[in-house]
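Worksheet: one structure, shown below.
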Amino acid sequence: HSLGWRHGHAAIVTDAEKGETIEAILLGEPAILHDIEKWKTYPSFIHLRLKEYDSIKAGMIAEYAKRKMIGIPYGLLAGIPVKAPDEIKKTQCSHLVWYPYKRFGYDLDSDGSWLVTPKDIANSDLLEVVQVYGVDPEEIWP
């Protein structure tokens with residue numbers, strides 16, 4: 001929560017065996033590789049993946065994210081004026097997850113607005129729950 005808004009946080013797993021994610025965490029700071037272990041300290045989380053999971057395509061998306069998203073500065077209003085430019089100059093946690101998937105034909109933004117949020121991703125019809133802890137995925141963002 002920030003200022004009463006339940007926004008959540010999002011990251012993309014780029015290497016499950018190494019326990020590696022990419023995250024955009026702080027305003028103005030670059031997106032970084034991070035250890036998946038930190039997610040175990042959160043009071044709640046939802047682990048999602050494509051319903052039509054294909055390990056080869058998932059690997060391609062993860063590699064794209066590593067090549068293109070690491071180092072991009074966190075910008076709160078990422079996606080304005082263009083949500084999916086060829087070269088992004090800023091991102092935020094949900095945009096960082098959405099952008100690589102969008103490049104491979106998966107629009108995870110469930111409401112299609114100009115701003116991608118964790119809620120939009122959690123509500124995407126393209127994703128299924130792999131693991132959930134501390135929340136009812138049906139009730140978190142009705």
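By convention here, the chains of the structure tokens are called A, B, ... in the order presented, each chain's residues are numbered starting at 1, and ligands are numbered starting at 1 in the order presented.
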
- Message: Need the shell around range 47-51 of chain A: protein/DNA/RNA residues with any atom at most 7 Å away, counting only C-alpha atoms. Skip same-chain ones fewer than 3 positions apart. Format as a list in words?
- Response: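 These residues fall inside the cut-off: Leu126, Leu127, Glu128, Val129, Val130, Gln131 and Val132 of chain A.
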
Selected residues written out, all heavy atoms, as a PDB file, in the first residue's frame:
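Resulting contents of result39.pdb:
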```
ATOM      1  N   LEU A 126      -4.461 -14.762 -19.488  1.00  0.00           N
ATOM      2  CA  LEU A 126      -3.391 -15.549 -20.095  1.00  0.00           C
ATOM      3  C   LEU A 126      -2.555 -16.305 -19.065  1.00  0.00           C
ATOM      4  O   LEU A 126      -1.748 -17.155 -19.418  1.00  0.00           O
ATOM      5  CB  LEU A 126      -2.469 -14.640 -20.911  1.00  0.00           C
ATOM      6  CG  LEU A 126      -3.111 -13.889 -22.063  1.00  0.00           C
ATOM      7  CD1 LEU A 126      -2.096 -12.953 -22.711  1.00  0.00           C
ATOM      8  CD2 LEU A 126      -3.683 -14.853 -23.076  1.00  0.00           C
ATOM      9  N   LEU A 127      -2.758 -15.988 -17.787  1.00  0.00           N
ATOM     10  CA  LEU A 127      -1.928 -16.556 -16.730  1.00  0.00           C
ATOM     11  C   LEU A 127      -2.717 -17.489 -15.820  1.00  0.00           C
ATOM     12  O   LEU A 127      -3.923 -17.347 -15.664  1.00  0.00           O
ATOM     13  CB  LEU A 127      -1.316 -15.431 -15.894  1.00  0.00           C
ATOM     14  CG  LEU A 127      -0.433 -14.450 -16.645  1.00  0.00           C
ATOM     15  CD1 LEU A 127      -0.047 -13.284 -15.754  1.00  0.00           C
ATOM     16  CD2 LEU A 127       0.794 -15.139 -17.194  1.00  0.00           C
ATOM     17  N   GLU A 128      -1.972 -18.411 -15.220  1.00  0.00           N
ATOM     18  CA  GLU A 128      -2.555 -19.307 -14.221  1.00  0.00           C
ATOM     19  C   GLU A 128      -1.703 -19.244 -12.958  1.00  0.00           C
ATOM     20  O   GLU A 128      -0.520 -18.920 -13.015  1.00  0.00           O
ATOM     21  CB  GLU A 128      -2.617 -20.742 -14.736  1.00  0.00           C
ATOM     22  CG  GLU A 128      -1.261 -21.373 -14.994  1.00  0.00           C
ATOM     23  CD  GLU A 128      -1.342 -22.764 -15.597  1.00  0.00           C
ATOM     24  OE1 GLU A 128      -2.441 -23.295 -15.765  1.00  0.00           O
ATOM     25  OE2 GLU A 128      -0.269 -23.318 -15.898  1.00  0.00           O
ATOM     26  N   VAL A 129      -2.328 -19.572 -11.843  1.00  0.00           N
ATOM     27  CA  VAL A 129      -1.631 -19.573 -10.568  1.00  0.00           C
ATOM     28  C   VAL A 129      -0.812 -20.854 -10.440  1.00  0.00           C
ATOM     29  O   VAL A 129      -1.335 -21.952 -10.612  1.00  0.00           O
ATOM     30  CB  VAL A 129      -2.622 -19.459  -9.392  1.00  0.00           C
ATOM     31  CG1 VAL A 129      -1.905 -19.607  -8.052  1.00  0.00           C
ATOM     32  CG2 VAL A 129      -3.382 -18.139  -9.455  1.00  0.00           C
ATOM     33  N   VAL A 130       0.471 -20.696 -10.154  1.00  0.00           N
ATOM     34  CA  VAL A 130       1.364 -21.817  -9.895  1.00  0.00           C
ATOM     35  C   VAL A 130       1.449 -22.039  -8.387  1.00  0.00           C
ATOM     36  O   VAL A 130       1.399 -23.155  -7.905  1.00  0.00           O
ATOM     37  CB  VAL A 130       2.781 -21.546 -10.458  1.00  0.00           C
ATOM     38  CG1 VAL A 130       3.751 -22.638 -10.053  1.00  0.00           C
ATOM     39  CG2 VAL A 130       2.728 -21.384 -11.956  1.00  0.00           C
ATOM     40  N   GLN A 131       1.579 -20.940  -7.648  1.00  0.00           N
ATOM     41  CA  GLN A 131       1.690 -21.006  -6.201  1.00  0.00           C
ATOM     42  C   GLN A 131       1.127 -19.717  -5.624  1.00  0.00           C
ATOM     43  O   GLN A 131       1.279 -18.644  -6.206  1.00  0.00           O
ATOM     44  CB  GLN A 131       3.157 -21.164  -5.791  1.00  0.00           C
ATOM     45  CG  GLN A 131       3.377 -21.336  -4.320  1.00  0.00           C
ATOM     46  CD  GLN A 131       4.851 -21.541  -3.995  1.00  0.00           C
ATOM     47  OE1 GLN A 131       5.723 -21.404  -4.850  1.00  0.00           O
ATOM     48  NE2 GLN A 131       5.140 -21.862  -2.753  1.00  0.00           N
ATOM     49  N   VAL A 132       0.482 -19.837  -4.480  1.00  0.00           N
ATOM     50  CA  VAL A 132      -0.065 -18.666  -3.806  1.00  0.00           C
ATOM     51  C   VAL A 132       0.191 -18.819  -2.320  1.00  0.00           C
ATOM     52  O   VAL A 132       0.167 -19.932  -1.785  1.00  0.00           O
ATOM     53  CB  VAL A 132      -1.575 -18.487  -4.123  1.00  0.00           C
ATOM     54  CG1 VAL A 132      -2.387 -19.644  -3.603  1.00  0.00           C
ATOM     55  CG2 VAL A 132      -2.105 -17.175  -3.606  1.00  0.00           C
TER      56      VAL A 132
END
```

- Message: Just checking: using only C-alpha atoms, which residue out of A:Leu27, A:Ala11, A:Glu139, A:His34 ends up closest to Ile121 in chain A?
- Response: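 With only C-alpha atoms as the atom set, the closest residue is A:Ala11.
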
- Message: Under the rule that only C-alpha atoms are counted, which of A:Ala24, A:Gly8, A:Glu17, A:Ala78 is the nearest residue to Pro43 in chain A?
- Response: A:Gly8

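A straight line drawn from CA of Asp109 in chain A to CA of Asn123 in chain A is 8.2 Å long.
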
- Can you list, as an MDAnalysis selection string, all residues belonging to range 55-125 of chain A that DSSP tags as helix (DSSP H, G or I)? chainID A and resid 55:68 93:103 118:122

Requested write-out: N, CA, C and O atoms of the selected residues, as a short mmCIF file (atom, residue, chain, number, x, y, z; two decimals), in the first residue's frame:
```
data_model
loop_
_atom_site.label_atom_id
_atom_site.label_comp_id
_atom_site.auth_asym_id
_atom_site.auth_seq_id
_atom_site.Cartn_x
_atom_site.Cartn_y
_atom_site.Cartn_z
N SER A 55 8.28 -24.03 -22.35
CA SER A 55 9.56 -23.72 -21.72
C SER A 55 10.53 -23.02 -22.68
O SER A 55 11.31 -22.16 -22.25
N ILE A 56 10.47 -23.33 -23.95
CA ILE A 56 11.35 -22.67 -24.92
C ILE A 56 10.98 -21.21 -25.07
O ILE A 56 11.84 -20.33 -25.00
N LYS A 57 9.68 -20.93 -25.23
CA LYS A 57 9.25 -19.53 -25.36
C LYS A 57 9.48 -18.77 -24.05
O LYS A 57 9.90 -17.62 -24.07
N ALA A 58 9.23 -19.42 -22.91
CA ALA A 58 9.48 -18.77 -21.62
C ALA A 58 10.96 -18.41 -21.50
O ALA A 58 11.29 -17.32 -21.01
N GLY A 59 11.83 -19.29 -21.94
CA GLY A 59 13.26 -19.01 -21.92
C GLY A 59 13.63 -17.83 -22.81
O GLY A 59 14.47 -17.01 -22.45
N MET A 60 13.00 -17.74 -23.96
CA MET A 60 13.25 -16.63 -24.88
C MET A 60 12.79 -15.31 -24.26
O MET A 60 13.49 -14.29 -24.37
N ILE A 61 11.64 -15.32 -23.59
CA ILE A 61 11.13 -14.11 -22.93
C ILE A 61 12.08 -13.70 -21.81
O ILE A 61 12.42 -12.52 -21.67
N ALA A 62 12.54 -14.67 -21.03
CA ALA A 62 13.46 -14.38 -19.93
C ALA A 62 14.78 -13.81 -20.45
O ALA A 62 15.30 -12.83 -19.90
N GLU A 63 15.32 -14.39 -21.51
CA GLU A 63 16.57 -13.88 -22.09
C GLU A 63 16.39 -12.47 -22.65
O GLU A 63 17.27 -11.61 -22.51
N TYR A 64 15.25 -12.23 -23.29
CA TYR A 64 14.96 -10.89 -23.79
C TYR A 64 14.93 -9.89 -22.63
O TYR A 64 15.51 -8.81 -22.71
N ALA A 65 14.26 -10.28 -21.55
CA ALA A 65 14.17 -9.40 -20.38
C ALA A 65 15.56 -9.09 -19.83
O ALA A 65 15.85 -7.94 -19.48
N LYS A 66 16.42 -10.08 -19.77
CA LYS A 66 17.78 -9.86 -19.26
C LYS A 66 18.57 -8.92 -20.17
O LYS A 66 19.31 -8.06 -19.69
N ARG A 67 18.40 -9.07 -21.48
CA ARG A 67 19.14 -8.22 -22.43
C ARG A 67 18.61 -6.79 -22.46
O ARG A 67 19.38 -5.85 -22.59
N LYS A 68 17.29 -6.64 -22.37
CA LYS A 68 16.67 -5.33 -22.62
C LYS A 68 16.21 -4.56 -21.38
O LYS A 68 16.05 -3.35 -21.45
N CYS A 93 7.74 -1.76 -11.98
CA CYS A 93 7.74 -3.21 -11.74
C CYS A 93 6.82 -3.98 -12.67
O CYS A 93 7.22 -5.00 -13.24
N SER A 94 5.60 -3.55 -12.85
CA SER A 94 4.66 -4.30 -13.69
C SER A 94 4.97 -4.14 -15.17
O SER A 94 4.83 -5.08 -15.94
N HIS A 95 5.37 -2.94 -15.56
CA HIS A 95 5.75 -2.68 -16.95
C HIS A 95 6.94 -3.55 -17.32
O HIS A 95 7.01 -4.09 -18.42
N LEU A 96 7.87 -3.74 -16.37
CA LEU A 96 9.05 -4.57 -16.59
C LEU A 96 8.66 -6.02 -16.89
O LEU A 96 9.30 -6.69 -17.67
N VAL A 97 7.60 -6.51 -16.27
CA VAL A 97 7.10 -7.86 -16.54
C VAL A 97 6.32 -7.87 -17.85
O VAL A 97 6.50 -8.74 -18.70
N TRP A 98 5.45 -6.91 -18.02
CA TRP A 98 4.55 -6.85 -19.18
C TRP A 98 5.31 -6.70 -20.50
O TRP A 98 5.00 -7.38 -21.48
N TYR A 99 6.30 -5.80 -20.54
CA TYR A 99 6.97 -5.45 -21.79
C TYR A 99 7.58 -6.65 -22.53
O TYR A 99 7.32 -6.84 -23.72
N PRO A 100 8.39 -7.48 -21.88
CA PRO A 100 8.96 -8.63 -22.60
C PRO A 100 7.89 -9.60 -23.11
O PRO A 100 7.99 -10.13 -24.22
N TYR A 101 6.86 -9.83 -22.30
CA TYR A 101 5.79 -10.72 -22.75
C TYR A 101 5.07 -10.12 -23.94
O TYR A 101 4.73 -10.83 -24.91
N LYS A 102 4.83 -8.83 -23.92
CA LYS A 102 4.16 -8.16 -25.03
C LYS A 102 4.97 -8.30 -26.32
O LYS A 102 4.42 -8.51 -27.40
N ARG A 103 6.29 -8.21 -26.21
CA ARG A 103 7.16 -8.35 -27.38
C ARG A 103 7.05 -9.73 -28.02
O ARG A 103 7.37 -9.91 -29.18
N PRO A 118 0.34 -4.43 -11.00
CA PRO A 118 0.31 -5.82 -10.55
C PRO A 118 -1.11 -6.41 -10.61
O PRO A 118 -1.29 -7.58 -10.94
N LYS A 119 -2.10 -5.60 -10.33
CA LYS A 119 -3.50 -6.05 -10.42
C LYS A 119 -3.83 -6.49 -11.84
O LYS A 119 -4.46 -7.53 -12.04
N ASP A 120 -3.42 -5.71 -12.82
CA ASP A 120 -3.68 -6.06 -14.22
C ASP A 120 -3.07 -7.41 -14.57
O ASP A 120 -3.69 -8.23 -15.24
N ILE A 121 -1.84 -7.63 -14.13
CA ILE A 121 -1.17 -8.89 -14.41
C ILE A 121 -1.83 -10.04 -13.67
O ILE A 121 -2.09 -11.09 -14.25
N ALA A 122 -2.15 -9.83 -12.39
CA ALA A 122 -2.80 -10.88 -11.59
C ALA A 122 -4.14 -11.29 -12.18
O ALA A 122 -4.55 -12.44 -12.05
#
```

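Distance check against Val116 in chain A using only C-alpha atoms: of A:Gly19, A:Gly79, A:Gly134, A:Gly71, the minimum falls on A:Gly79.
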
- Polymer residues at most 12 Å from Thr41 in chain A, only C-alpha atoms, same-chain spacing of 5 or more positions, as a VMD selection string: chain A and resid 35 to 36 133 to 134

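Reported to one decimal place, the separation of CA of Tyr74 in chain A from CA of Thr91 in chain A is 5.0 Å.
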
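With only C-alpha atoms as the atoms that count, the minimum distance from Pro73 in chain A to the choices A:Asp54, A:Phe104, A:Glu29, A:Asp86 is reached by A:Glu29.
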
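Minimum distance to Ala16 in chain A across A:Gly105, A:Glu87, A:Ala31, A:Glu37 (counting only C-alpha atoms) occurs at A:Glu37.
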
- For CA of Glu52 in chain A and CA of Ile72 in chain A, the interatomic separation in Å (one decimal):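 So the answer is 28.7 Å.
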
- Item | DSSP-assigned strand (DSSP E or B) members of chain A, reported as JSON, numbers by chain | {"A": [2, 5, 12, 13, 14, 15, 20, 21, 22, 23, 30, 32, 33, 34, 35, 45, 46, 47, 48, 49, 50, 73, 74, 91, 127, 128, 129, 130, 131, 132, 133]}
